[in-house]
$ cat structure24.cif   # mmCIF, C-alpha atoms
data_data
#
loop_
_atom_site.group_PDB
_atom_site.id
_atom_site.type_symbol
_atom_site.label_atom_id
_atom_site.label_comp_id
_atom_site.auth_asym_id
_atom_site.auth_seq_id
_atom_site.Cartn_x
_atom_site.Cartn_y
_atom_site.Cartn_z
ATOM 1 C CA MET A 34 -114.130 51.964 -18.497
ATOM 2 C CA ARG A 35 -116.495 51.729 -15.546
ATOM 3 C CA PRO A 36 -117.813 55.224 -14.674
ATOM 4 C CA ILE A 37 -116.867 56.713 -11.297
ATOM 5 C CA ARG A 38 -119.898 57.200 -9.074
ATOM 6 C CA SER A 39 -120.293 60.246 -6.835
ATOM 7 C CA PHE A 40 -122.640 58.336 -4.521
ATOM 8 C CA SER A 41 -123.115 55.015 -2.725
ATOM 9 C CA LEU A 42 -126.106 52.728 -3.263
ATOM 10 C CA ARG A 43 -125.907 51.082 0.159
ATOM 11 C CA GLY A 44 -129.140 50.899 2.154
ATOM 12 C CA GLN A 45 -131.555 51.067 -0.782
ATOM 13 C CA ARG A 46 -134.336 49.054 0.905
ATOM 14 C CA LEU A 47 -137.523 50.961 1.742
ATOM 15 C CA SER A 48 -139.339 50.527 5.024
ATOM 16 C CA GLU A 49 -142.858 49.085 4.910
ATOM 17 C CA SER A 50 -144.418 52.487 5.539
ATOM 18 C CA ALA A 51 -142.275 54.100 2.832
ATOM 19 C CA SER A 52 -143.229 51.348 0.407
ATOM 20 C CA ARG A 53 -146.931 51.913 1.097
ATOM 21 C CA MET A 54 -146.539 55.649 0.681
ATOM 22 C CA MET A 55 -144.694 55.236 -2.627
ATOM 23 C CA ALA A 56 -147.312 52.770 -3.883
ATOM 24 C CA ARG A 57 -149.983 55.357 -3.193
ATOM 25 C CA TYR A 58 -148.294 58.573 -4.328
ATOM 26 C CA GLY A 59 -145.149 57.664 -6.265
ATOM 27 C CA HIS A 60 -146.833 57.471 -9.657
ATOM 28 C CA HIS A 61 -147.939 61.102 -9.318
ATOM 29 C CA TYR A 62 -144.683 62.695 -8.158
ATOM 30 C CA VAL A 63 -141.928 60.427 -9.503
ATOM 31 C CA ILE A 64 -140.993 60.643 -13.181
ATOM 32 C CA ASP A 65 -140.016 57.202 -14.464
ATOM 33 C CA VAL A 66 -137.907 56.823 -17.596
ATOM 34 C CA PRO A 67 -136.462 53.798 -19.432
ATOM 35 C CA GLN A 68 -133.345 52.567 -17.652
ATOM 36 C CA GLY A 69 -129.883 52.751 -19.157
ATOM 37 C CA GLU A 70 -127.108 50.177 -18.808
ATOM 38 C CA GLY A 71 -126.596 50.647 -15.066
ATOM 39 C CA VAL A 72 -128.734 51.166 -11.989
ATOM 40 C CA VAL A 73 -130.344 54.619 -11.564
ATOM 41 C CA THR A 74 -129.363 55.543 -15.124
ATOM 42 C CA ALA A 75 -131.453 56.876 -17.993
ATOM 43 C CA ALA A 76 -131.517 55.336 -21.465
ATOM 44 C CA SER A 77 -129.645 57.477 -23.981
ATOM 45 C CA ASN A 78 -132.759 58.158 -26.057
ATOM 46 C CA VAL A 79 -134.906 59.530 -23.206
ATOM 47 C CA THR A 80 -136.639 62.841 -23.884
ATOM 48 C CA LEU A 81 -138.916 64.757 -21.518
ATOM 49 C CA ASP A 82 -141.700 67.238 -22.213
ATOM 50 C CA PHE A 83 -141.702 69.304 -19.033
ATOM 51 C CA ASP A 84 -144.706 71.353 -20.148
ATOM 52 C CA ALA A 85 -146.720 68.139 -20.363
ATOM 53 C CA ILE A 86 -145.316 66.764 -17.100
ATOM 54 C CA TYR A 87 -146.220 69.867 -15.090
ATOM 55 C CA GLY A 88 -149.246 70.808 -17.143
ATOM 56 C CA ARG A 89 -147.914 74.285 -17.860
ATOM 57 C CA ASN A 90 -144.983 76.309 -19.168
ATOM 58 C CA ALA A 91 -143.020 77.778 -16.246
ATOM 59 C CA PRO A 92 -139.444 78.423 -15.090
ATOM 60 C CA LEU A 93 -137.686 75.235 -14.006
ATOM 61 C CA VAL A 94 -135.388 74.856 -10.988
ATOM 62 C CA VAL A 95 -133.428 71.607 -10.634
ATOM 63 C CA GLU A 96 -131.930 70.335 -7.375
ATOM 64 C CA VAL A 97 -129.246 67.678 -7.516
ATOM 65 C CA GLY A 98 -129.213 65.549 -4.372
ATOM 66 C CA PRO A 99 -132.211 66.974 -2.462
ATOM 67 C CA GLY A 100 -131.803 64.733 0.588
ATOM 68 C CA SER A 101 -135.215 64.520 2.228
ATOM 69 C CA GLY A 102 -136.562 67.390 0.126
ATOM 70 C CA GLU A 103 -136.569 70.077 2.835
ATOM 71 C CA GLN A 104 -135.097 72.729 0.545
ATOM 72 C CA ILE A 105 -137.009 72.068 -2.643
ATOM 73 C CA VAL A 106 -140.386 71.720 -0.912
ATOM 74 C CA ALA A 107 -139.877 74.935 1.077
ATOM 75 C CA SER A 108 -139.032 76.816 -2.115
ATOM 76 C CA ALA A 109 -141.972 75.269 -3.991
ATOM 77 C CA GLU A 110 -144.308 76.522 -1.267
ATOM 78 C CA ARG A 111 -142.937 80.062 -1.663
ATOM 79 C CA HIS A 112 -143.017 80.001 -5.475
ATOM 80 C CA PRO A 113 -146.061 78.109 -6.782
ATOM 81 C CA ASP A 114 -145.441 79.671 -10.212
ATOM 82 C CA VAL A 115 -142.116 77.792 -10.592
ATOM 83 C CA ASN A 116 -141.620 74.123 -11.519
ATOM 84 C CA TYR A 117 -139.148 72.116 -9.431
ATOM 85 C CA LEU A 118 -137.321 68.912 -10.316
ATOM 86 C CA ALA A 119 -135.211 66.856 -7.882
ATOM 87 C CA LEU A 120 -132.708 64.178 -8.933
ATOM 88 C CA GLU A 121 -131.848 61.694 -6.198
ATOM 89 C CA ALA A 122 -129.891 58.442 -6.668
ATOM 90 C CA TRP A 123 -130.798 56.984 -3.249
ATOM 91 C CA GLU A 124 -134.241 55.360 -3.344
ATOM 92 C CA PRO A 125 -135.051 55.991 0.351
ATOM 93 C CA GLY A 126 -134.188 59.644 -0.324
ATOM 94 C CA VAL A 127 -136.703 59.680 -3.179
ATOM 95 C CA ALA A 128 -139.323 58.292 -0.786
ATOM 96 C CA LYS A 129 -138.501 60.957 1.806
ATOM 97 C CA CYS A 130 -138.878 63.666 -0.848
ATOM 98 C CA VAL A 131 -142.251 62.313 -1.935
ATOM 99 C CA SER A 132 -143.364 62.109 1.701
ATOM 100 C CA ASN A 133 -142.441 65.771 2.227
ATOM 101 C CA ILE A 134 -144.228 66.762 -0.980
ATOM 102 C CA VAL A 135 -147.391 64.958 0.069
ATOM 103 C CA ARG A 136 -147.242 66.389 3.587
ATOM 104 C CA SER A 137 -146.844 69.967 2.306
ATOM 105 C CA GLY A 138 -149.474 69.657 -0.413
ATOM 106 C CA VAL A 139 -147.345 71.323 -3.121
ATOM 107 C CA GLY A 140 -148.120 70.311 -6.669
ATOM 108 C CA ASN A 141 -145.136 71.798 -8.504
ATOM 109 C CA VAL A 142 -142.385 69.325 -7.524
ATOM 110 C CA ARG A 143 -141.359 66.138 -9.311
ATOM 111 C CA VAL A 144 -138.616 63.653 -8.410
ATOM 112 C CA MET A 145 -136.429 61.333 -10.475
ATOM 113 C CA ASN A 146 -134.506 58.368 -9.066
ATOM 114 C CA LEU A 147 -131.396 58.873 -11.195
ATOM 115 C CA ASP A 148 -127.645 59.429 -11.125
ATOM 116 C CA ALA A 149 -127.414 63.117 -12.002
ATOM 117 C CA GLN A 150 -123.975 62.822 -13.580
ATOM 118 C CA GLN A 151 -125.218 60.279 -16.078
ATOM 119 C CA ALA A 152 -128.788 61.464 -16.611
ATOM 120 C CA LEU A 153 -128.637 65.259 -16.805
ATOM 121 C CA PRO A 154 -126.715 65.418 -20.132
ATOM 122 C CA ILE A 155 -129.488 63.236 -21.589
ATOM 123 C CA LEU A 156 -132.485 64.996 -20.031
ATOM 124 C CA PHE A 157 -131.117 68.423 -20.974
ATOM 125 C CA ARG A 158 -129.427 67.631 -24.249
ATOM 126 C CA PRO A 159 -128.425 70.571 -26.509
ATOM 127 C CA GLY A 160 -131.430 72.162 -28.168
ATOM 128 C CA GLY A 161 -133.816 70.751 -25.565
ATOM 129 C CA ALA A 162 -135.251 71.919 -22.258
ATOM 130 C CA ARG A 163 -133.403 74.440 -20.105
ATOM 131 C CA ALA A 164 -133.406 75.289 -16.410
ATOM 132 C CA THR A 165 -133.302 78.755 -14.884
ATOM 133 C CA GLU A 166 -131.430 77.547 -11.787
ATOM 134 C CA VAL A 167 -129.619 74.433 -10.601
ATOM 135 C CA TRP A 168 -128.874 73.745 -6.934
ATOM 136 C CA THR A 169 -126.100 71.512 -5.615
ATOM 137 C CA PHE A 170 -126.263 71.865 -1.846
ATOM 138 C CA PHE A 171 -124.022 69.760 0.395
ATOM 139 C CA PRO A 172 -122.948 67.045 -2.038
ATOM 140 C CA ASP A 173 -120.978 64.161 -0.541
ATOM 141 C CA PRO A 174 -117.527 65.627 0.287
ATOM 142 C CA TRP A 175 -115.629 62.349 -0.148
ATOM 143 C CA ARG A 176 -113.130 63.507 2.453
ATOM 144 C CA LYS A 177 -110.212 61.160 1.794
ATOM 145 C CA LYS A 178 -107.791 62.324 -0.885
ATOM 146 C CA LYS A 179 -107.959 58.985 -2.710
ATOM 147 C CA HIS A 180 -111.749 59.429 -3.000
ATOM 148 C CA ARG A 181 -111.784 63.015 -4.302
ATOM 149 C CA LYS A 182 -112.172 61.721 -7.838
ATOM 150 C CA ARG A 183 -115.715 60.766 -6.750
ATOM 151 C CA ARG A 184 -116.716 64.326 -5.940
ATOM 152 C CA LEU A 185 -119.678 65.451 -7.996
ATOM 153 C CA VAL A 186 -118.468 68.986 -8.723
ATOM 154 C CA ASN A 187 -115.675 68.729 -11.272
ATOM 155 C CA PRO A 188 -114.901 70.327 -14.668
ATOM 156 C CA SER A 189 -117.022 67.808 -16.588
ATOM 157 C CA PHE A 190 -120.041 68.319 -14.329
ATOM 158 C CA ALA A 191 -119.629 72.090 -14.680
ATOM 159 C CA ARG A 192 -119.993 71.673 -18.437
ATOM 160 C CA THR A 193 -123.165 69.656 -17.877
ATOM 161 C CA MET A 194 -124.533 72.515 -15.766
ATOM 162 C CA ALA A 195 -123.694 74.955 -18.553
ATOM 163 C CA GLN A 196 -125.499 72.707 -21.035
ATOM 164 C CA MET A 197 -128.734 72.658 -19.030
ATOM 165 C CA LEU A 198 -128.908 76.314 -17.978
ATOM 166 C CA ASP A 199 -130.388 79.233 -19.880
ATOM 167 C CA LYS A 200 -128.083 82.173 -20.535
ATOM 168 C CA GLY A 201 -128.137 84.166 -17.305
ATOM 169 C CA GLY A 202 -129.219 81.076 -15.364
ATOM 170 C CA MET A 203 -127.623 80.456 -11.977
ATOM 171 C CA TRP A 204 -125.837 77.495 -10.476
ATOM 172 C CA ARG A 205 -125.993 77.670 -6.672
ATOM 173 C CA LEU A 206 -123.760 75.485 -4.518
ATOM 174 C CA ALA A 207 -123.018 75.074 -0.829
ATOM 175 C CA THR A 208 -120.745 72.873 1.265
ATOM 176 C CA ASP A 209 -119.546 72.834 4.850
ATOM 177 C CA TRP A 210 -116.310 71.007 4.057
ATOM 178 C CA ASP A 211 -113.546 73.571 3.529
ATOM 179 C CA ASN A 212 -111.462 71.469 1.168
ATOM 180 C CA TYR A 213 -114.472 70.840 -1.069
ATOM 181 C CA ALA A 214 -115.314 74.561 -0.979
ATOM 182 C CA TRP A 215 -111.826 75.424 -2.249
ATOM 183 C CA GLN A 216 -112.107 72.779 -4.976
ATOM 184 C CA MET A 217 -115.594 73.913 -6.057
ATOM 185 C CA ARG A 218 -114.422 77.502 -6.293
ATOM 186 C CA ASP A 219 -111.331 76.573 -8.293
ATOM 187 C CA VAL A 220 -113.387 74.430 -10.718
ATOM 188 C CA LEU A 221 -115.831 77.295 -11.287
ATOM 189 C CA GLU A 222 -113.033 79.840 -11.613
ATOM 190 C CA GLU A 223 -111.574 77.906 -14.540
ATOM 191 C CA SER A 224 -114.862 76.955 -16.221
ATOM 192 C CA PRO A 225 -115.225 79.098 -19.377
ATOM 193 C CA TRP A 226 -119.034 78.867 -19.353
ATOM 194 C CA PHE A 227 -119.631 80.645 -16.046
ATOM 195 C CA ASP A 228 -119.036 84.096 -14.588
ATOM 196 C CA ASN A 229 -118.658 84.569 -10.855
ATOM 197 C CA PRO A 230 -120.200 87.875 -9.715
ATOM 198 C CA HIS A 231 -118.512 87.360 -6.330
ATOM 199 C CA ARG A 232 -114.995 86.808 -7.610
ATOM 200 C CA GLY A 233 -112.453 87.650 -4.911
ATOM 201 C CA GLU A 234 -115.134 88.226 -2.270
ATOM 202 C CA ARG A 235 -115.317 86.646 1.218
ATOM 203 C CA SER A 236 -111.774 85.335 1.273
ATOM 204 C CA ASP A 237 -110.906 82.908 4.036
ATOM 205 C CA ASP A 238 -107.525 82.828 5.817
ATOM 206 C CA ALA A 239 -107.791 79.039 5.898
ATOM 207 C CA ASP A 240 -108.187 78.846 2.094
ATOM 208 C CA THR A 241 -105.383 76.718 0.628
ATOM 209 C CA GLY A 242 -106.828 76.376 -2.851
ATOM 210 C CA LEU A 243 -105.521 77.745 -6.134
ATOM 211 C CA TYR A 244 -107.470 81.014 -5.973
ATOM 212 C CA GLN A 245 -108.816 83.190 -3.155
ATOM 213 C CA GLY A 246 -112.329 84.340 -2.300
ATOM 214 C CA GLY A 247 -115.113 83.974 -4.830
ATOM 215 C CA PHE A 248 -117.768 82.987 -2.306
ATOM 216 C CA ALA A 249 -121.332 84.282 -2.348
ATOM 217 C CA PRO A 250 -123.488 85.473 0.538
ATOM 218 C CA ARG A 251 -125.786 82.801 1.879
ATOM 219 C CA PHE A 252 -128.686 82.217 -0.529
ATOM 220 C CA ALA A 253 -131.570 83.853 1.346
ATOM 221 C CA GLU A 254 -133.974 81.049 0.454
ATOM 222 C CA ARG A 255 -131.655 78.204 1.384
ATOM 223 C CA VAL A 256 -133.193 76.666 4.487
ATOM 224 C CA VAL A 257 -131.118 75.267 7.331
ATOM 225 C CA THR A 258 -131.706 71.540 6.885
ATOM 226 C CA ARG A 259 -131.064 68.871 9.487
ATOM 227 C CA PHE A 260 -127.942 67.968 7.545
ATOM 228 C CA GLU A 261 -126.539 71.489 7.858
ATOM 229 C CA GLU A 262 -127.500 71.627 11.521
ATOM 230 C CA ARG A 263 -125.293 68.614 12.201
ATOM 231 C CA GLY A 264 -122.411 70.375 10.480
ATOM 232 C CA ILE A 265 -122.927 73.495 12.571
ATOM 233 C CA GLU A 266 -122.948 71.374 15.735
ATOM 234 C CA ALA A 267 -119.660 69.843 14.597
ATOM 235 C CA GLY A 268 -118.134 73.320 14.230
ATOM 236 C CA ARG A 269 -118.075 73.448 10.442
ATOM 237 C CA VAL A 270 -118.661 76.627 8.404
ATOM 238 C CA THR A 271 -120.796 76.653 5.263
ATOM 239 C CA HIS A 272 -119.475 78.282 2.090
ATOM 240 C CA ASP A 273 -121.930 79.345 -0.635
ATOM 241 C CA LEU A 274 -121.136 79.775 -4.309
ATOM 242 C CA CYS A 275 -123.256 81.236 -7.088
ATOM 243 C CA VAL A 276 -122.159 81.498 -10.704
ATOM 244 C CA VAL A 277 -124.003 82.733 -13.788
ATOM 245 C CA ARG A 278 -124.169 81.034 -17.180
ATOM 246 C CA ASN A 279 -122.558 83.350 -19.719
ATOM 247 C CA ASP A 280 -122.983 83.371 -23.498
ATOM 248 C CA VAL A 281 -119.913 81.261 -24.322
ATOM 249 C CA ALA A 282 -120.958 78.409 -26.613
ATOM 250 C CA LEU A 283 -120.543 74.893 -25.270
ATOM 251 C CA ASP A 284 -118.397 73.843 -28.212
ATOM 252 C CA ALA A 285 -116.126 76.878 -27.945
ATOM 253 C CA TYR A 286 -113.893 75.088 -25.420
ATOM 254 C CA ASP A 287 -112.968 71.598 -24.365
ATOM 255 C CA VAL A 288 -113.676 70.581 -20.783
ATOM 256 C CA PRO A 289 -110.825 72.033 -18.696
ATOM 257 C CA ALA A 290 -108.493 69.749 -16.788
ATOM 258 C CA ASP A 291 -108.871 69.369 -13.037
ATOM 259 C CA PRO A 292 -107.509 72.700 -11.724
ATOM 260 C CA TRP A 293 -105.349 71.186 -8.974
ATOM 261 C CA ILE A 294 -103.825 68.523 -11.193
ATOM 262 C CA ALA A 295 -103.212 71.052 -13.971
ATOM 263 C CA ALA A 296 -101.557 73.443 -11.501
ATOM 264 C CA GLU A 297 -99.195 70.734 -10.281
ATOM 265 C CA GLN A 298 -98.285 69.965 -13.880
ATOM 266 C CA ARG A 299 -97.386 73.651 -14.296
ATOM 267 C CA GLY A 300 -95.169 73.466 -11.243
ATOM 268 C CA ILE A 301 -97.652 75.198 -8.892
ATOM 269 C CA HIS A 302 -98.121 73.353 -5.624
ATOM 270 C CA VAL A 303 -101.698 73.449 -4.294
ATOM 271 C CA VAL A 304 -101.672 72.895 -0.527
ATOM 272 C CA ALA A 305 -105.360 71.933 -0.525
ATOM 273 C CA ASP A 306 -104.506 68.897 -2.648
ATOM 274 C CA GLU A 307 -102.152 67.430 -0.049
ATOM 275 C CA GLY A 308 -104.722 65.599 2.039
ATOM 276 C CA GLY A 309 -103.845 65.203 5.715
ATOM 277 C CA GLU A 310 -106.143 65.668 8.693
ATOM 278 C CA ARG A 311 -109.872 65.770 8.122
ATOM 279 C CA ALA A 312 -112.368 68.048 9.794
ATOM 280 C CA PRO A 313 -114.586 66.415 12.428
ATOM 281 C CA SER A 314 -117.824 64.985 11.040
ATOM 282 C CA SER A 315 -119.839 65.249 14.259
ATOM 283 C CA ARG A 316 -120.210 67.373 17.385
ATOM 284 C CA ARG A 317 -118.501 64.622 19.375
ATOM 285 C CA GLY A 318 -115.540 64.741 17.019
ATOM 286 C CA TRP A 319 -115.421 68.523 17.229
ATOM 287 C CA LEU A 320 -115.433 68.443 21.044
ATOM 288 C CA GLN A 321 -112.656 65.873 21.042
ATOM 289 C CA LEU A 322 -110.648 68.109 18.710
ATOM 290 C CA GLN A 323 -111.160 71.101 21.025
ATOM 291 C CA GLU A 324 -110.117 69.068 24.056
ATOM 292 C CA ALA A 325 -107.019 67.864 22.248
ATOM 293 C CA GLY A 326 -106.149 71.427 21.283
ATOM 294 C CA SER A 327 -106.648 72.624 24.848
ATOM 295 C CA ALA A 328 -104.444 69.849 26.205
ATOM 296 C CA SER A 329 -101.764 70.717 23.662
ATOM 297 C CA SER A 330 -101.879 74.383 24.699
ATOM 298 C CA ASP A 331 -101.584 73.434 28.378
ATOM 299 C CA ASN A 332 -98.591 71.224 27.682
ATOM 300 C CA THR A 333 -96.932 74.004 25.696
ATOM 301 C CA ALA A 334 -97.529 76.474 28.534
ATOM 302 C CA HIS A 335 -96.048 74.074 31.100
ATOM 303 C CA SER A 336 -93.025 73.475 28.883
ATOM 304 C CA THR A 337 -92.505 77.208 28.406
ATOM 305 C CA GLY A 338 -92.761 77.791 32.119
ATOM 306 C CA ALA A 339 -90.185 75.097 32.836
ATOM 307 C CA ASP A 340 -87.752 76.623 30.390
ATOM 308 C CA LEU A 341 -88.022 79.979 32.118
#

$ encode --input "structure24.cif" --output "structure tokens"
Amino acid sequence: MRPIRSFSLRGQRLSESASRMMARYGHHYVIDVPQGEGVVTAASNVTLDFDAIYGRNAPLVVEVGPGSGEQIVASAERHPDVNYLALEAWEPGVAKCVSNIVRSGVGNVRVMNLDAQQALPILFRPGGARATEVWTFFPDPWRKKKHRKRRLVNPSFARTMAQMLDKGGMWRLATDWDNYAWQMRDVLEESPWFDNPHRGERSDDADTGLYQGGFAPRFAERVVTRFEERGIEAGRVTHDLCVVRNDVALDAYDVPADPWIAAEQRGIHVVADEGGERAPSSRRGWLQLQEAGSASSDNTAHSTGADL
């Protein structure tokens, strides 16, 4: 069966300036590995020696989907004693990360042009390297219900995170799409390999997921990227999550079923799984939504007045 991708490969061509920059610096900051059967995949026999790659033994933080690298470069500047690895499937995104690395002058960041879902179980196979933290900030929300199967954060991916993290290691997530926030939280709530120190905290009246609360305070070192700024302008609210790898063995449990599908099978209706209207994706959309709401309120008021 053809694997479901959590990303799109459209627009992979590099500009001339990006191509020149990659030709000059890519070999130093991009880790190349033998390709697997598909594009941006790793061969099943790939192994990495991170001590050799970074020239030292140090804690490793992995970011999945770094965008232009704003977050990982900012953190690398603050923590020169930590090694950072970014996995990005979009080649222009890889180039943007390398450009930011070069501009900042940090030497503790490396990038891989790979599909994280496919590659991470290989790069961090059992008994191999481990990360102290993994970041999944603002993954593609795949807003339509029929596309939710493409969302990166699911029970299988949670197991992959458990496989690559040290005991006590943290998986940090953030999204500004409410429906995805509820789904992320429900997936983590039912993952046997993670504990949520914020269980039940920061509940949201709009939450229509299976559980309630469970959201973390904003990660103090998470920078406000241009991507998040656009969400704020559109009126969206960011939800942070942070779970801790416990000592449950990977083979102690099978990968849980999707929490919303499993709930429906038990006769529990999850409102968040219904679909319906989507939140605006831009400030223009948000303003249009506000105007529509205002017009609706005015019409209601006029109708009420007429009835009186």

$ atom_distance --input "structure24.cif" --atom1 "CA of Ala76 in chain A" --atom2 "CA of Arg163 in chain A"
19.2 Å

$ atom_distance --input "structure24.cif" --atom1 "CA of Asp273 in chain A" --atom2 "CA of Phe252 in chain A"
7.3 Å

$ closest_atom_pairs --input "structure24.cif" --of "range 158-202 of chain A" --to "range 78-85 of chain A" --cutoff "12 Å" --atoms "only C-alpha atoms" --output "JSON lines"
{"residue": "A:Arg158", "atom": "CA", "partner": "A:Thr80", "partner_atom": "CA", "distance": 8.7}
{"residue": "A:Pro159", "atom": "CA", "partner": "A:Thr80", "partner_atom": "CA", "distance": 11.6}
{"residue": "A:Gly160", "atom": "CA", "partner": "A:Thr80", "partner_atom": "CA", "distance": 11.5}
{"residue": "A:Gly161", "atom": "CA", "partner": "A:Thr80", "partner_atom": "CA", "distance": 8.6}
{"residue": "A:Ala162", "atom": "CA", "partner": "A:Phe83", "partner_atom": "CA", "distance": 7.7}
{"residue": "A:Arg163", "atom": "CA", "partner": "A:Phe83", "partner_atom": "CA", "distance": 9.8}
{"residue": "A:Ala164", "atom": "CA", "partner": "A:Phe83", "partner_atom": "CA", "distance": 10.6}

$ residues_near_point --input "structure24.cif" --point "(-146.0, 70.8, -6.5)" --cutoff "12 Å" --atoms "all atoms listed in the file" --output "ChimeraX atom specification"
/A:61-63,86-88,105-119,130-131,133-144

$ resolve_selection --input "structure24.cif" --expression "the PyMOL selection byres ((chain A and resi 222) around 12)" --output "PyMOL selection string"
chain A and resi 187-188+191+215-221+223-233+242-248+274-277+289+291-293

$ residues_around --input "structure24.cif" --residues "Ser50 in chain A" --least-positions-apart "4" --cutoff "12 Å" --atoms "all atoms listed in the file" --output "list in words"
Arg46, Met54, Met55, Ala56, Arg57, Pro125, Ala128, Lys129 and Ser132 of chain A

$ write_last_selection --input "structure24.cif" --atoms "C-alpha atoms" --output "PDB file, in the frame of the given file"
ATOM      1  CA  ARG A  46    -134.336  49.054   0.905  1.00  0.00           C
ATOM      2  CA  MET A  54    -146.539  55.649   0.681  1.00  0.00           C
ATOM      3  CA  MET A  55    -144.694  55.236  -2.627  1.00  0.00           C
ATOM      4  CA  ALA A  56    -147.312  52.770  -3.883  1.00  0.00           C
ATOM      5  CA  ARG A  57    -149.983  55.357  -3.193  1.00  0.00           C
ATOM      6  CA  PRO A 125    -135.051  55.991   0.351  1.00  0.00           C
ATOM      7  CA  ALA A 128    -139.323  58.292  -0.786  1.00  0.00           C
ATOM      8  CA  LYS A 129    -138.501  60.957   1.806  1.00  0.00           C
ATOM      9  CA  SER A 132    -143.364  62.109   1.701  1.00  0.00           C
TER      10      SER A 132
END

$ atom_distance --input "structure24.cif" --atom1 "CA of Arg235 in chain A" --atom2 "CA of Glu96 in chain A"
24.8 Å

$ resolve_selection --input "structure24.cif" --expression "the PyMOL selection byres ((chain A and resi 75) around 8)" --output "MDAnalysis selection string"
chainID A and resid 66:69 73:74 76:77 79 147 151:152 155

$ closest_residue --input "structure24.cif" --among "A:Asp211, A:Asp148, A:Asp240, A:Glu49" --to "Trp175 in chain A" --atoms "only C-alpha atoms"
A:Asp211

$ closest_residue --input "structure24.cif" --among "A:Val94, A:Val72, A:Val270, A:Ile265" --to "Trp123 in chain A" --atoms "all atoms listed in the file"
A:Val72

$ closest_residue --input "structure24.cif" --among "A:Val304, A:Leu153, A:Ala214, A:Met197" --to "Arg184 in chain A" --atoms "all atoms listed in the file"
A:Ala214

$ resolve_selection --input "structure24.cif" --expression "the PyMOL selection byres ((chain A and resi 97) around 6)" --output "PDB file with C-alpha atoms, in the coordinates of the input"
ATOM      1  CA  GLU A  96    -131.930  70.335  -7.375  1.00  0.00           C
ATOM      2  CA  GLY A  98    -129.213  65.549  -4.372  1.00  0.00           C
ATOM      3  CA  PRO A  99    -132.211  66.974  -2.462  1.00  0.00           C
ATOM      4  CA  LEU A 120    -132.708  64.178  -8.933  1.00  0.00           C
ATOM      5  CA  THR A 169    -126.100  71.512  -5.615  1.00  0.00           C
TER       6      THR A 169
END

$ residues_around --input "structure24.cif" --residues "Leu185 in chain A" --least-positions-apart "4" --cutoff "8 Å" --atoms "all atoms listed in the file" --output "VMD selection string"
chain A and resid 39 150 172 to 173 190

$ closest_residue --input "structure24.cif" --among "A:Gly300, A:Arg205, A:Phe157, A:Asn146" --to "Val186 in chain A" --atoms "all atoms listed in the file"
A:Arg205

$ closest_residue --input "structure24.cif" --among "A:Arg278, A:Arg255, A:His60, A:Arg176" --to "Gly202 in chain A" --atoms "all atoms listed in the file"
A:Arg278

$ closest_residue --input "structure24.cif" --among "A:Glu70, A:Arg53, A:Val167, A:Lys179" --to "Asp306 in chain A" --atoms "all atoms listed in the file"
A:Lys179

$ decode --input "structure24.cif" --residues "range 220-235 of chain A" --atoms "C-alpha atoms" --output "compact mmCIF listing (two decimals), in the first residue's frame"
# COMPACT_ATOMS: atom_id res chain seq x y z
CA VAL A 220 -3.44 11.14 20.73
CA LEU A 221 -0.97 11.95 23.51
CA GLU A 222 -3.51 11.20 26.23
CA GLU A 223 -3.90 7.65 24.93
CA SER A 224 -0.23 7.00 24.11
CA PRO A 225 1.15 4.59 26.75
CA TRP A 226 4.74 5.83 26.31
CA PHE A 227 4.18 9.42 27.43
CA ASP A 228 3.11 11.21 30.60
CA ASN A 229 1.51 14.63 30.42
CA PRO A 230 2.56 16.81 33.38
CA HIS A 231 -0.16 19.29 32.37
CA ARG A 232 -3.05 16.84 32.25
CA GLY A 233 -6.35 18.66 32.75
CA GLU A 234 -4.71 22.10 32.69
CA ARG A 235 -5.69 25.09 30.51
